[in-house]
$ cat coords-v5.pdb   # PDB, C-alpha atoms
ATOM      1  CA  GLU N   1       9.418   4.754 -17.549
ATOM      2  CA  ILE N   2      10.125   1.287 -18.986
ATOM      3  CA  ALA N   3      10.803  -0.068 -15.469
ATOM      4  CA  VAL N   4       7.403   1.264 -14.348
ATOM      5  CA  VAL N   5       5.791  -0.494 -17.309
ATOM      6  CA  HIS N   6       7.538  -3.758 -16.410
ATOM      7  CA  ASN N   7       6.227  -3.515 -12.836
ATOM      8  CA  TYR N   8       2.700  -2.814 -14.081
ATOM      9  CA  ILE N   9       2.858  -5.770 -16.475
ATOM     10  CA  ALA N  10       4.063  -8.049 -13.662
ATOM     11  CA  LEU N  11       1.134  -7.014 -11.464
ATOM     12  CA  SER N  12      -1.333  -7.384 -14.321
ATOM     13  CA  LYS N  13      -0.039 -10.876 -15.105
ATOM     14  CA  ILE N  14      -0.767 -11.882 -11.522
ATOM     15  CA  GLN N  15      -4.344 -10.698 -11.915
ATOM     16  CA  LEU N  16      -4.974 -11.926 -15.468
ATOM     17  CA  GLU N  17      -2.672 -14.957 -15.335
ATOM     18  CA  LYS N  18      -2.349 -16.631 -18.737
ATOM     19  CA  ARG N  19      -4.858 -14.238 -20.305
ATOM     20  CA  LEU N  20      -2.200 -11.524 -20.767
ATOM     21  CA  HIS N  21       0.611 -11.821 -23.291
ATOM     22  CA  TYR N  22       3.116  -8.976 -23.504
ATOM     23  CA  LYS N  23       5.738  -8.213 -26.138
ATOM     24  CA  GLU N  24       8.170  -5.335 -26.171
ATOM     25  CA  LEU N  25      10.175  -3.943 -29.073
ATOM     26  CA  VAL N  26      12.158  -0.984 -27.789
ATOM     27  CA  ALA N  27      15.029   0.308 -29.903
ATOM     28  CA  THR N  28      18.208   0.746 -27.878
ATOM     29  CA  ASP N  29      18.756   4.245 -29.265
ATOM     30  CA  VAL N  30      15.606   5.540 -27.522
ATOM     31  CA  LEU N  31      16.346   4.273 -24.020
ATOM     32  CA  HIS N  32      18.080   7.511 -23.002
ATOM     33  CA  LEU N  33      15.299   9.762 -24.306
ATOM     34  CA  GLU N  34      12.816  11.367 -21.946
ATOM     35  CA  VAL N  35       9.060  11.064 -22.259
ATOM     36  CA  PRO N  36       6.350  12.763 -20.230
ATOM     37  CA  PRO N  37       6.092  10.922 -16.885
ATOM     38  CA  MET N  38       3.717   7.967 -16.852
ATOM     39  CA  LEU N  39       2.800   8.388 -20.543
ATOM     40  CA  ILE N  40       3.813   4.886 -21.592
ATOM     41  CA  GLN N  41       2.434   3.337 -18.417
ATOM     42  CA  MET N  42      -0.923   5.036 -19.016
ATOM     43  CA  LEU N  43      -1.046   3.674 -22.580
ATOM     44  CA  ILE N  44      -0.259   0.154 -21.327
ATOM     45  CA  GLU N  45      -2.779   0.452 -18.488
ATOM     46  CA  ASN N  46      -5.535   1.512 -20.893
ATOM     47  CA  ALA N  47      -4.662  -1.360 -23.253
ATOM     48  CA  ILE N  48      -4.981  -3.886 -20.446
ATOM     49  CA  LYS N  49      -7.932  -2.368 -18.586
ATOM     50  CA  HIS N  50     -10.121  -1.552 -21.609
ATOM     51  CA  GLY N  51      -8.818  -4.262 -23.935
ATOM     52  CA  ILE N  52      -7.381  -7.463 -22.522
ATOM     53  CA  ALA N  53      -9.324  -7.529 -19.232
ATOM     54  CA  THR N  54     -12.626  -7.283 -21.133
ATOM     55  CA  LEU N  55     -11.879 -10.315 -23.321
ATOM     56  CA  LYS N  56     -12.878 -13.739 -21.987
ATOM     57  CA  ASP N  57      -9.752 -15.390 -23.363
ATOM     58  CA  GLY N  58      -7.533 -12.343 -22.808
ATOM     59  CA  GLY N  59      -5.078 -11.307 -25.481
ATOM     60  CA  SER N  60      -1.838  -9.564 -26.187
ATOM     61  CA  VAL N  61      -0.329  -6.131 -25.657
ATOM     62  CA  ARG N  62       2.631  -4.969 -27.688
ATOM     63  CA  LEU N  63       4.832  -1.969 -26.929
ATOM     64  CA  GLU N  64       7.035  -0.583 -29.685
ATOM     65  CA  ILE N  65       9.264   2.455 -29.294
ATOM     66  CA  LYS N  66      11.525   3.709 -32.068
ATOM     67  CA  LYS N  67      12.929   6.818 -33.703
ATOM     68  CA  SER N  68      11.757   7.970 -37.098
ATOM     69  CA  ASN N  69      13.299  11.088 -38.583
ATOM     70  CA  SER N  70      13.022  13.719 -35.842
ATOM     71  CA  GLN N  71      10.296  11.924 -33.864
ATOM     72  CA  MET N  72      10.115   9.296 -31.158
ATOM     73  CA  ILE N  73       7.290   6.915 -32.005
ATOM     74  CA  ILE N  74       5.500   5.019 -29.230
ATOM     75  CA  ILE N  75       2.959   2.421 -30.348
ATOM     76  CA  VAL N  76       0.863   0.292 -28.006
ATOM     77  CA  THR N  77      -1.249  -2.349 -29.725
ATOM     78  CA  ASN N  78      -3.738  -4.584 -27.957
ATOM     79  CA  ASP N  79      -6.418  -7.085 -28.823
ATOM     80  CA  GLY N  80      -9.919  -5.658 -28.546
ATOM     81  CA  ASN N  81     -11.927  -2.879 -30.070
ATOM     82  CA  LEU N  82     -12.667   0.772 -29.462
ATOM     83  CA  THR N  83     -16.382   0.296 -28.939
ATOM     84  CA  SER N  84     -15.693  -1.381 -25.612
ATOM     85  CA  THR N  85     -13.488   1.549 -24.538
ATOM     86  CA  THR N  86     -16.197   4.128 -25.131
ATOM     87  CA  THR N  87     -17.984   2.990 -21.978
ATOM     88  CA  GLY N  88     -15.128   4.485 -19.944
ATOM     89  CA  THR N  89     -14.679   8.099 -18.948
ATOM     90  CA  GLN N  90     -11.932   8.748 -21.520
ATOM     91  CA  ILE N  91     -10.016  10.667 -18.831
ATOM     92  CA  GLY N  92      -6.770   8.839 -19.643
ATOM     93  CA  VAL N  93      -7.006   9.607 -23.352
ATOM     94  CA  GLU N  94      -7.860  13.262 -22.729
ATOM     95  CA  ASN N  95      -5.032  13.528 -20.205
ATOM     96  CA  ILE N  96      -2.533  12.254 -22.781
ATOM     97  CA  LYS N  97      -3.778  14.714 -25.414
ATOM     98  CA  GLN N  98      -3.665  17.669 -23.025
ATOM     99  CA  ARG N  99      -0.200  16.842 -21.707
ATOM    100  CA  LEU N 100       1.215  16.483 -25.204
ATOM    101  CA  GLN N 101      -0.345  19.794 -26.228
ATOM    102  CA  LEU N 102       1.075  21.586 -23.176
ATOM    103  CA  LEU N 103       4.561  20.149 -23.597
ATOM    104  CA  TYR N 104       4.955  20.148 -27.375
ATOM    105  CA  ASP N 105       2.246  22.429 -28.779
ATOM    106  CA  ASP N 106       1.313  21.075 -32.206
ATOM    107  CA  GLN N 107       4.586  19.169 -32.666
ATOM    108  CA  ALA N 108       3.330  15.994 -30.950
ATOM    109  CA  ARG N 109       0.523  13.717 -32.074
ATOM    110  CA  PHE N 110      -1.696  11.123 -30.445
ATOM    111  CA  GLU N 111      -3.858   8.744 -32.435
ATOM    112  CA  LEU N 112      -6.191   5.999 -31.286
ATOM    113  CA  ALA N 113      -7.526   3.643 -33.937
ATOM    114  CA  GLU N 114      -8.951   0.175 -34.446
ATOM    115  CA  ASN N 115      -7.864  -2.194 -37.184
ATOM    116  CA  ASN N 116      -8.873  -5.868 -37.563
ATOM    117  CA  GLY N 117      -9.608  -6.524 -33.880
ATOM    118  CA  LYS N 118      -6.632  -4.546 -32.638
ATOM    119  CA  VAL N 119      -6.575  -1.166 -30.911
ATOM    120  CA  ILE N 120      -3.540   0.937 -31.786
ATOM    121  CA  ALA N 121      -2.457   3.908 -29.690
ATOM    122  CA  LYS N 122       0.302   5.911 -31.364
ATOM    123  CA  VAL N 123       2.205   8.839 -29.917
ATOM    124  CA  GLU N 124       4.720  10.900 -31.867
ATOM    125  CA  ILE N 125       6.979  13.189 -29.827
ATOM    126  CA  PRO N 126       9.544  15.541 -31.333
ATOM    127  CA  LEU N 127      13.154  14.799 -30.457
ATOM    128  CA  ARG N 128      14.815  17.732 -28.750
TER
END

$ encode --input "coords-v5.pdb" --output "C-alpha coordinates"
Amino acid sequence: EIAVVHNYIALSKIQLEKRLHYKELVATDVLHLEVPPMLIQMLIENAIKHGIATLKDGGSVRLEIKKSNSQMIIIVTNDGNLTSTTTGTQIGVENIKQRLQLLYDDQARFELAENNGKVIAKVEIPLR
(Lines of atoms letter the chains of each structure in order from A and count residues from 1; the text may use other names and numbers.)
(Lines give C-alpha, C1' and ligand atoms only; values in the text may rest on other atoms or scores of the structure.)
Protein backbone atom coordinates (compact mmCIF):
# COMPACT_ATOMS: atom_id res chain seq x y z
CA GLU A 1 0.00 0.00 0.00
CA ILE A 2 2.83 2.43 0.84
CA ALA A 3 4.52 1.67 -2.51
CA VAL A 4 1.26 2.53 -4.30
CA VAL A 5 1.13 5.81 -2.39
CA HIS A 6 4.72 6.61 -3.37
CA ASN A 7 3.88 6.00 -7.05
CA TYR A 8 0.80 8.22 -6.80
CA ILE A 9 2.81 10.99 -5.13
CA ALA A 10 5.47 10.77 -7.86
CA LEU A 11 2.83 11.15 -10.57
CA SER A 12 1.12 14.00 -8.73
CA LYS A 13 4.43 15.83 -8.32
CA ILE A 14 4.89 15.71 -12.09
CA GLN A 15 1.49 17.32 -12.55
CA LEU A 16 1.64 19.83 -9.68
CA GLU A 17 5.41 20.38 -9.74
CA LYS A 18 6.56 22.53 -6.82
CA ARG A 19 2.99 23.06 -5.62
CA LEU A 20 2.93 19.67 -3.83
CA HIS A 21 4.95 18.98 -0.70
CA TYR A 22 4.71 15.52 0.84
CA LYS A 23 5.84 14.26 4.23
CA GLU A 24 5.55 10.76 5.59
CA LEU A 25 5.78 9.56 9.18
CA VAL A 26 5.21 5.82 9.18
CA ALA A 27 6.18 3.86 12.28
CA THR A 28 8.28 0.81 11.44
CA ASP A 29 6.11 -1.44 13.61
CA VAL A 30 3.10 -0.93 11.31
CA LEU A 31 4.77 -1.79 8.01
CA HIS A 32 3.81 -5.47 8.25
CA LEU A 33 0.16 -4.76 9.09
CA GLU A 34 -2.55 -5.12 6.47
CA VAL A 35 -5.03 -2.40 5.58
CA PRO A 36 -7.99 -2.56 3.22
CA PRO A 37 -6.63 -2.33 -0.35
CA MET A 38 -6.24 1.19 -1.70
CA LEU A 39 -7.46 2.81 1.55
CA ILE A 40 -4.37 4.92 2.11
CA GLN A 41 -4.02 5.73 -1.58
CA MET A 42 -7.64 6.93 -1.68
CA LEU A 43 -7.04 9.20 1.32
CA ILE A 44 -3.92 10.66 -0.33
CA GLU A 45 -5.70 11.05 -3.67
CA ASN A 46 -8.58 12.94 -2.04
CA ALA A 47 -6.12 15.19 -0.17
CA ILE A 48 -4.37 16.12 -3.40
CA LYS A 49 -7.39 16.30 -5.71
CA HIS A 50 -9.74 18.21 -3.38
CA GLY A 51 -7.09 20.06 -1.38
CA ILE A 52 -3.72 20.83 -2.92
CA ALA A 53 -4.81 20.94 -6.58
CA THR A 54 -7.46 23.56 -5.75
CA LEU A 55 -4.97 25.93 -4.11
CA LYS A 56 -3.18 28.43 -6.36
CA ASP A 57 0.10 28.05 -4.48
CA GLY A 58 -0.43 24.36 -3.70
CA GLY A 59 0.39 23.04 -0.26
CA SER A 60 1.41 20.03 1.73
CA VAL A 61 0.12 16.54 2.39
CA ARG A 62 1.25 14.58 5.41
CA LEU A 63 0.76 10.86 5.98
CA GLU A 64 1.15 9.49 9.49
CA ILE A 65 0.63 5.85 10.42
CA LYS A 66 1.15 4.54 13.94
CA LYS A 67 -0.16 2.10 16.53
CA SER A 68 -2.05 3.28 19.57
CA ASN A 69 -3.25 0.69 22.06
CA SER A 70 -5.09 -1.91 19.96
CA GLN A 71 -5.61 0.35 16.93
CA MET A 72 -3.70 1.30 13.82
CA ILE A 73 -4.10 5.03 13.27
CA ILE A 74 -3.83 6.48 9.76
CA ILE A 75 -3.90 10.27 9.50
CA VAL A 76 -3.71 12.23 6.26
CA THR A 77 -3.49 15.99 6.68
CA ASN A 78 -3.56 18.47 3.83
CA ASP A 79 -3.77 22.20 3.31
CA GLY A 80 -7.23 23.36 2.30
CA ASN A 81 -10.72 23.29 3.68
CA LEU A 82 -13.76 21.05 3.65
CA THR A 83 -16.02 23.56 1.95
CA SER A 84 -14.11 23.08 -1.29
CA THR A 85 -14.52 19.29 -1.03
CA THR A 86 -18.29 19.46 -0.76
CA THR A 87 -18.53 20.26 -4.47
CA GLY A 88 -17.40 16.69 -5.20
CA THR A 89 -19.54 13.58 -5.25
CA GLN A 90 -18.24 12.30 -1.89
CA ILE A 91 -18.02 8.81 -3.43
CA GLY A 92 -14.50 8.28 -2.07
CA VAL A 93 -15.48 9.23 1.47
CA GLU A 94 -18.60 7.05 1.38
CA ASN A 95 -16.60 4.17 -0.06
CA ILE A 96 -14.12 4.36 2.82
CA LYS A 97 -16.93 4.42 5.41
CA GLN A 98 -18.74 1.47 3.82
CA ARG A 99 -15.60 -0.64 3.47
CA LEU A 100 -14.61 -0.05 7.07
CA GLN A 101 -18.11 -0.95 8.24
CA LEU A 102 -18.13 -4.17 6.19
CA LEU A 103 -14.69 -5.26 7.34
CA TYR A 104 -14.69 -4.17 10.97
CA ASP A 105 -18.31 -3.50 11.93
CA ASP A 106 -18.28 -0.76 14.57
CA GLN A 107 -14.65 -1.38 15.59
CA ALA A 108 -13.19 0.98 12.96
CA ARG A 109 -13.67 4.73 12.70
CA PHE A 110 -13.30 7.33 9.98
CA GLU A 111 -13.32 11.04 10.70
CA LEU A 112 -12.96 14.00 8.36
CA ALA A 113 -12.45 17.40 9.95
CA GLU A 114 -11.07 20.86 9.28
CA ASN A 115 -8.84 22.76 11.67
CA ASN A 116 -7.01 26.05 10.97
CA GLY A 117 -6.80 25.65 7.18
CA LYS A 118 -5.98 21.96 7.32
CA VAL A 119 -8.18 19.00 6.43
CA ILE A 120 -7.57 15.94 8.59
CA ALA A 121 -8.73 12.48 7.57
CA LYS A 122 -8.30 9.94 10.37
CA VAL A 123 -8.90 6.22 10.19
CA GLU A 124 -8.70 3.90 13.19
CA ILE A 125 -8.55 0.17 12.44
CA PRO A 126 -8.50 -2.54 15.09
CA LEU A 127 -5.35 -4.65 15.21
CA ARG A 128 -6.10 -8.32 14.72

$ closest_residue --input "coords-v5.pdb" --among "N:Ile2, N:Ile74, N:Ile96, N:Ala47" --to "Ile125 in chain N" --atoms "all atoms listed in the file"
N:Ile74

$ atom_distance --input "coords-v5.pdb" --atom1 "CA of Leu25 in chain N" --atom2 "CA of Ile65 in chain N"
6.5 Å

$ atom_distance --input "coords-v5.pdb" --atom1 "CA of Ala53 in chain N" --atom2 "CA of Leu16 in chain N"
7.2 Å

$ resolve_selection --input "coords-v5.pdb" --expression "the PyMOL selection byres ((chain N and resi 76) around 12)" --output "number ranges by chain"
N: 5, 22-26, 39-48, 51, 60-66, 73-75, 77-79, 110-114, 118-124

$ closest_residue --input "coords-v5.pdb" --among "N:Met38, N:Ile9, N:Leu31, N:Ala3" --to "Gly92 in chain N" --atoms "all atoms listed in the file"
N:Met38

$ atom_distance --input "coords-v5.pdb" --atom1 "CA of Leu20 in chain N" --atom2 "CA of Leu82 in chain N"
18.3 Å

$ closest_residue --input "coords-v5.pdb" --among "N:Gln71, N:Gln90, N:Asn116, N:Asn81" --to "Tyr104 in chain N" --atoms "all atoms listed in the file"
N:Gln71

$ closest_residue --input "coords-v5.pdb" --among "N:Gln98, N:Asn7, N:Lys67, N:Ile91" --to "Thr28 in chain N" --atoms "only C-alpha atoms"
N:Lys67

$ resolve_selection --input "coords-v5.pdb" --expression "the PyMOL selection byres ((chain N and resi 34) around 10)" --output "list in words"
Glu1, Val30, Leu31, His32, Leu33, Val35, Pro36, Pro37, Met72, Ile125, Leu127 and Arg128 of chain N

$ closest_residue --input "coords-v5.pdb" --among "N:Ser12, N:His50, N:His6, N:Ala27" --to "Val93 in chain N" --atoms "only C-alpha atoms"
N:His50

$ axis_aligned_box --input "coords-v5.pdb" --around "range 1-17 of chain N" --padding-each-side "5 Å" --output "AutoDock Vina command-line options"
--center_x 2.9 --center_y -5.1 --center_z -15.2 --size_x 25.8 --size_y 29.7 --size_z 17.5

$ residues_around --input "coords-v5.pdb" --residues "Leu55 in chain N" --least-positions-apart "3" --cutoff "9 Å" --atoms "only C-alpha atoms" --output "PyMOL selection string"
chain N and resi 19+51-52+58-59+79-80
